[in-house]
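Q: For reference, the structure I am asking about is given below.
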Amino acid sequence: MVTEKRRLKQLTQRLRELNEQAYRQFEERTCKDGYEVDFYGEVKPFADEVQILADEWKPLAVKWAIEEKPKYVYPIQINDTYENMTIAAVQAFQTDTKHKRFTSMTKSIEYILESIEIQL
């Protein structure tokens with residue numbers, strides 16, 4: 001379990017970094033006038049990395065939540081966070097993404113990831 005916990009913490013930290021990167025991408029680049037998306041150069045590599053890490057993270061996080069029963073973190077939230085991370089990884093590059101919805105999604109992801117990281 002120690003190695004699983006360590007891996008969960010590593011994945012959680014990296015996913016937090018990627019969530020922050022998605023938020024910055026959206027705020028600093030995507031929302032600017034004249035932004036041109038580079039699907040194969042930017043979107044696909046970023047979304048693929050998030051997907052690979054999230055796919056490894058989710059079962060570890062669910063198992064941890066069931067076994068450890070951390071405060072304010074439940075398996076359903078982990079599932080929702082997983083879905084939101086994969087969606088946000090693509091929406092960060094879409095100029096038609098709604099600002100308020102995207103911002104609240106990334107904040108929600110951050111809240112769960114931070115809660116997990118702190119309790120690990």
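Within each chain, counting starts at residue 1; across the structure tokens, chains are named A, B, ... in the order shown, with ligands numbered 1 upward in that order.
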Got a sec to tell me which of chain A DSSP assigns to helix (DSSP H, G or I), as a count of residues only?

A: 97

Q: Tell me which protein, DNA and RNA residues are within 12 Å of Phe26 in chain A, counting only C-alpha atoms, leaving out same-chain ones fewer than 4 positions away, and put them as a CSV table (one decimal) with N, CA, C and O atoms, in the first residue's frame.

A:
chain,number,residue,atom,x,y,z
A,19,ASN,N,-3.6,20.7,-14.4
A,19,ASN,CA,-4.9,21.5,-14.2
A,19,ASN,C,-4.6,23.0,-14.2
A,19,ASN,O,-5.2,23.8,-14.8
A,20,GLU,N,-3.5,23.4,-13.5
A,20,GLU,CA,-3.0,24.8,-13.5
A,20,GLU,C,-2.6,25.2,-14.9
A,20,GLU,O,-2.9,26.3,-15.3
A,21,GLN,N,-1.9,24.3,-15.5
A,21,GLN,CA,-1.4,24.6,-16.9
A,21,GLN,C,-2.6,24.8,-17.8
A,21,GLN,O,-2.6,25.7,-18.7
A,22,ALA,N,-3.7,24.0,-17.7
A,22,ALA,CA,-4.9,24.1,-18.5
A,22,ALA,C,-5.6,25.5,-18.2
A,22,ALA,O,-6.0,26.2,-19.2
A,30,THR,N,-5.9,31.2,-24.9
A,30,THR,CA,-7.2,30.8,-25.6
A,30,THR,C,-8.1,32.0,-25.7
A,30,THR,O,-8.8,32.2,-26.7
A,31,CYS,N,-8.2,32.8,-24.6
A,31,CYS,CA,-9.2,33.9,-24.5
A,31,CYS,C,-8.8,35.1,-25.3
A,31,CYS,O,-9.5,36.1,-25.4
A,32,LYS,N,-7.5,35.1,-25.7
A,32,LYS,CA,-7.0,36.3,-26.4
A,32,LYS,C,-7.5,36.3,-27.9
A,32,LYS,O,-7.7,35.3,-28.5
A,35,TYR,N,-6.4,34.0,-31.3
A,35,TYR,CA,-5.8,32.7,-30.9
A,35,TYR,C,-6.1,31.6,-31.9
A,35,TYR,O,-7.2,31.4,-32.3
A,37,VAL,N,-5.6,27.6,-32.6
A,37,VAL,CA,-5.3,26.4,-32.0
A,37,VAL,C,-4.5,25.5,-32.9
A,37,VAL,O,-4.7,25.4,-34.1
A,43,VAL,N,-2.9,20.6,-28.4
A,43,VAL,CA,-4.1,20.0,-27.8
A,43,VAL,C,-3.9,18.5,-27.6
A,43,VAL,O,-4.1,18.0,-26.4
A,88,ALA,N,-11.6,19.2,-19.3
A,88,ALA,CA,-10.9,20.5,-19.2
A,88,ALA,C,-9.6,20.5,-20.0
A,88,ALA,O,-9.2,21.5,-20.6
A,89,ALA,N,-9.0,19.3,-20.2
A,89,ALA,CA,-7.7,19.2,-20.9
A,89,ALA,C,-8.0,19.6,-22.4
A,89,ALA,O,-7.1,20.1,-23.1
A,90,VAL,N,-9.2,19.4,-22.9
A,90,VAL,CA,-9.5,19.8,-24.3
A,90,VAL,C,-10.1,21.2,-24.3
A,90,VAL,O,-9.8,22.0,-25.2
A,91,GLN,N,-11.0,21.5,-23.4
A,91,GLN,CA,-11.7,22.7,-23.4
A,91,GLN,C,-10.8,23.9,-23.2
A,91,GLN,O,-11.1,25.0,-23.6
A,92,ALA,N,-9.6,23.7,-22.6
A,92,ALA,CA,-8.7,24.8,-22.3
A,92,ALA,C,-8.2,25.4,-23.6
A,92,ALA,O,-7.8,26.6,-23.6
A,93,PHE,N,-8.3,24.7,-24.7
A,93,PHE,CA,-7.9,25.2,-26.0
A,93,PHE,C,-9.0,25.6,-26.9
A,93,PHE,O,-8.7,26.1,-28.0
A,94,GLN,N,-10.2,25.5,-26.5
A,94,GLN,CA,-11.4,25.9,-27.4
A,94,GLN,C,-11.8,27.3,-27.1
A,94,GLN,O,-12.2,27.6,-26.0
A,95,THR,N,-11.9,28.1,-28.1
A,95,THR,CA,-12.2,29.5,-28.0
A,95,THR,C,-13.7,29.7,-27.6
A,95,THR,O,-14.0,30.8,-27.1
A,96,ASP,N,-14.5,28.7,-27.9
A,96,ASP,CA,-16.0,28.9,-27.6
A,96,ASP,C,-16.3,28.4,-26.2
A,96,ASP,O,-17.5,28.3,-25.8
A,97,THR,N,-15.3,28.0,-25.4
A,97,THR,CA,-15.5,27.5,-24.0
A,97,THR,C,-16.0,28.7,-23.1
A,97,THR,O,-15.5,29.8,-23.2
A,98,LYS,N,-17.1,28.4,-22.3
A,98,LYS,CA,-17.6,29.4,-21.4
A,98,LYS,C,-16.6,29.7,-20.3
A,98,LYS,O,-16.3,28.7,-19.6
A,99,HIS,N,-16.3,30.9,-20.1
A,99,HIS,CA,-15.3,31.3,-19.1
A,99,HIS,C,-15.6,30.9,-17.7
A,99,HIS,O,-14.9,30.2,-17.0
A,100,LYS,N,-16.8,31.2,-17.2
A,100,LYS,CA,-17.3,31.0,-15.9
A,100,LYS,C,-17.3,29.4,-15.6
A,100,LYS,O,-16.9,29.0,-14.6
A,101,ARG,N,-17.9,28.7,-16.5
A,101,ARG,CA,-18.0,27.2,-16.4
A,101,ARG,C,-16.6,26.6,-16.3
A,101,ARG,O,-16.3,25.7,-15.5
A,102,PHE,N,-15.7,27.0,-17.2
A,102,PHE,CA,-14.4,26.4,-17.2
A,102,PHE,C,-13.6,26.8,-15.9
A,102,PHE,O,-13.0,25.9,-15.4
A,103,THR,N,-13.7,28.0,-15.5
A,103,THR,CA,-13.0,28.4,-14.3
A,103,THR,C,-13.5,27.6,-13.1
A,103,THR,O,-12.8,27.1,-12.3
A,106,THR,N,-12.2,24.0,-13.2
A,106,THR,CA,-10.8,23.8,-12.8
A,106,THR,C,-10.6,24.0,-11.3
A,106,THR,O,-9.8,23.4,-10.7

Q: Could you name the residues that touch range 14-17 of chain A at 12 Å or less, counting only C-alpha atoms, but leaving out those on the same chain fewer than 6 positions away, as an MDAnalysis selection string?

A: chainID A and resid 7:8 23:24 46:47 49:58 81:82 84:86 88:89 106:117

Q: Residues of the last selection are to be written out with C-alpha atoms, as a short mmCIF file (atom, residue, chain, number, x, y, z; two decimals), in the first residue's frame.

A:
data_model
loop_
_atom_site.label_atom_id
_atom_site.label_comp_id
_atom_site.auth_asym_id
_atom_site.auth_seq_id
_atom_site.Cartn_x
_atom_site.Cartn_y
_atom_site.Cartn_z
CA ARG A 7 2.29 6.76 -6.70
CA LEU A 8 -1.13 8.27 -5.96
CA TYR A 23 -6.24 27.11 -16.57
CA ARG A 24 -3.29 29.32 -17.58
CA PHE A 46 -1.65 17.76 -23.58
CA ALA A 47 -4.97 15.89 -23.56
CA GLU A 49 -0.90 13.19 -21.06
CA VAL A 50 -3.85 14.11 -18.86
CA GLN A 51 -5.78 11.04 -20.05
CA ILE A 52 -2.89 8.62 -19.39
CA LEU A 53 -2.22 10.02 -15.91
CA ALA A 54 -5.92 10.27 -15.01
CA ASP A 55 -6.48 6.66 -16.12
CA GLU A 56 -3.78 5.53 -13.71
CA TRP A 57 -4.86 7.96 -10.96
CA LYS A 58 -8.58 7.12 -10.79
CA THR A 81 -12.95 14.84 -11.04
CA TYR A 82 -11.64 12.25 -13.48
CA ASN A 84 -13.73 16.94 -15.47
CA MET A 85 -9.96 16.62 -15.92
CA THR A 86 -10.33 14.90 -19.28
CA ALA A 88 -10.88 20.50 -19.18
CA ALA A 89 -7.74 19.23 -20.95
CA THR A 106 -10.75 23.84 -12.84
CA LYS A 107 -11.35 25.12 -9.29
CA SER A 108 -13.42 22.02 -8.51
CA ILE A 109 -10.65 19.77 -9.86
CA GLU A 110 -8.06 21.65 -7.81
CA TYR A 111 -10.15 21.35 -4.65
CA ILE A 112 -10.40 17.55 -4.88
CA LEU A 113 -6.77 17.04 -5.94
CA GLU A 114 -5.52 19.33 -3.17
CA SER A 115 -7.72 17.58 -0.60
CA ILE A 116 -6.32 14.21 -1.63
CA GLU A 117 -2.74 15.44 -1.62
#

Q: State, in Å with one decimal place, the distance from CA of Ser104 in chain A to CA of Tyr40 in chain A.

A: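 Distance between the two atoms: 26.8 Å.
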
Q: For a quick check of understanding, using only C-alpha atoms, which of A:Met105, A:Phe39, A:Leu120, A:Gln10 has the smallest distance to Pro70 in chain A?

A: A:Leu120

Q: Any idea what's packed within 12 Å of Lys63 in chain A, counting only C-alpha atoms, ignoring anything in its chain fewer than 3 positions away? Could you give it as a PDB file with N, CA and C atoms, in the first residue's frame?

A:
ATOM      1  N   MET A   1       0.833  -1.216   0.000  1.00  0.00           N
ATOM      2  CA  MET A   1       0.000   0.000   0.000  1.00  0.00           C
ATOM      3  C   MET A   1       0.863   1.260   0.000  1.00  0.00           C
ATOM      4  N   GLU A   4       1.639   2.242  -3.524  1.00  0.00           N
ATOM      5  CA  GLU A   4       0.431   2.758  -4.170  1.00  0.00           C
ATOM      6  C   GLU A   4       0.142   4.183  -3.703  1.00  0.00           C
ATOM      7  N   LYS A   5       0.297   4.403  -2.406  1.00  0.00           N
ATOM      8  CA  LYS A   5       0.073   5.745  -1.854  1.00  0.00           C
ATOM      9  C   LYS A   5       1.066   6.746  -2.434  1.00  0.00           C
ATOM     10  N   LEU A   8       0.072   7.429  -5.953  1.00  0.00           N
ATOM     11  CA  LEU A   8      -1.125   8.271  -5.963  1.00  0.00           C
ATOM     12  C   LEU A   8      -0.745   9.729  -5.697  1.00  0.00           C
ATOM     13  N   GLU A  56      -4.531   6.217 -14.764  1.00  0.00           N
ATOM     14  CA  GLU A  56      -3.783   5.532 -13.708  1.00  0.00           C
ATOM     15  C   GLU A  56      -4.213   6.021 -12.323  1.00  0.00           C
ATOM     16  N   TRP A  57      -4.505   7.315 -12.226  1.00  0.00           N
ATOM     17  CA  TRP A  57      -4.860   7.955 -10.960  1.00  0.00           C
ATOM     18  C   TRP A  57      -6.198   7.482 -10.400  1.00  0.00           C
ATOM     19  N   LYS A  58      -7.209   7.395 -11.248  1.00  0.00           N
ATOM     20  CA  LYS A  58      -8.578   7.120 -10.791  1.00  0.00           C
ATOM     21  C   LYS A  58      -8.711   5.840  -9.955  1.00  0.00           C
ATOM     22  N   PRO A  59      -8.251   4.667 -10.436  1.00  0.00           N
ATOM     23  CA  PRO A  59      -8.427   3.467  -9.598  1.00  0.00           C
ATOM     24  C   PRO A  59      -7.655   3.537  -8.282  1.00  0.00           C
ATOM     25  N   LEU A  60      -6.474   4.152  -8.300  1.00  0.00           N
ATOM     26  CA  LEU A  60      -5.701   4.305  -7.052  1.00  0.00           C
ATOM     27  C   LEU A  60      -6.438   5.215  -6.073  1.00  0.00           C
ATOM     28  N   ILE A  66     -11.884   4.504  -0.508  1.00  0.00           N
ATOM     29  CA  ILE A  66     -12.680   3.445   0.120  1.00  0.00           C
ATOM     30  C   ILE A  66     -11.979   2.910   1.366  1.00  0.00           C
ATOM     31  N   GLU A  67     -10.678   2.687   1.267  1.00  0.00           N
ATOM     32  CA  GLU A  67      -9.935   2.095   2.382  1.00  0.00           C
ATOM     33  C   GLU A  67      -9.642   3.084   3.508  1.00  0.00           C
ATOM     34  N   GLU A  68      -9.250   4.284   3.161  1.00  0.00           N
ATOM     35  CA  GLU A  68      -8.814   5.273   4.164  1.00  0.00           C
ATOM     36  C   GLU A  68      -9.950   6.157   4.693  1.00  0.00           C
ATOM     37  N   LYS A  69     -11.028   6.250   3.941  1.00  0.00           N
ATOM     38  CA  LYS A  69     -12.160   7.109   4.294  1.00  0.00           C
ATOM     39  C   LYS A  69     -11.717   8.530   4.680  1.00  0.00           C
ATOM     40  N   PRO A  70     -11.062   9.227   3.747  1.00  0.00           N
ATOM     41  CA  PRO A  70     -10.603  10.587   4.044  1.00  0.00           C
ATOM     42  C   PRO A  70     -11.785  11.550   4.210  1.00  0.00           C
ATOM     43  N   VAL A  73     -13.720  13.577   0.864  1.00  0.00           N
ATOM     44  CA  VAL A  73     -13.361  13.024  -0.444  1.00  0.00           C
ATOM     45  C   VAL A  73     -14.041  11.654  -0.566  1.00  0.00           C
ATOM     46  N   TYR A  74     -14.907  11.543  -1.569  1.00  0.00           N
ATOM     47  CA  TYR A  74     -15.677  10.321  -1.771  1.00  0.00           C
ATOM     48  C   TYR A  74     -15.466   9.780  -3.179  1.00  0.00           C
ATOM     49  N   PRO A  75     -15.648   8.479  -3.375  1.00  0.00           N
ATOM     50  CA  PRO A  75     -15.446   7.899  -4.712  1.00  0.00           C
ATOM     51  C   PRO A  75     -16.209   8.617  -5.828  1.00  0.00           C
ATOM     52  N   ILE A  76     -17.425   9.066  -5.561  1.00  0.00           N
ATOM     53  CA  ILE A  76     -18.198   9.769  -6.594  1.00  0.00           C
ATOM     54  C   ILE A  76     -17.493  11.060  -7.021  1.00  0.00           C
ATOM     55  N   ILE A  78     -14.279  11.532  -6.944  1.00  0.00           N
ATOM     56  CA  ILE A  78     -13.109  11.111  -7.713  1.00  0.00           C
ATOM     57  C   ILE A  78     -13.520  10.823  -9.156  1.00  0.00           C
ATOM     58  N   ASN A  79     -14.651  10.133  -9.322  1.00  0.00           N
ATOM     59  CA  ASN A  79     -15.156   9.870 -10.677  1.00  0.00           C
ATOM     60  C   ASN A  79     -15.471  11.166 -11.416  1.00  0.00           C
TER      61      ASN A  79
END

Q: Could you tell me which of A:Asp48, A:Trp64, A:Ile118, A:Lys71 comes closest to Leu18 in chain A if we count only C-alpha atoms?

A: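 Closest residue, counting only C-alpha atoms: A:Asp48.
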
Q: Find the distance between CA of Thr12 in chain A and CA of Ala61 in chain A and write it in Å to one decimal.

A: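 Result for CA of Thr12 in chain A versus CA of Ala61 in chain A: 8.9 Å, one decimal.
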
Q: CA of Arg29 in chain A and CA of Gly41 in chain A, how far apart in Å?

A: 14.7 Å
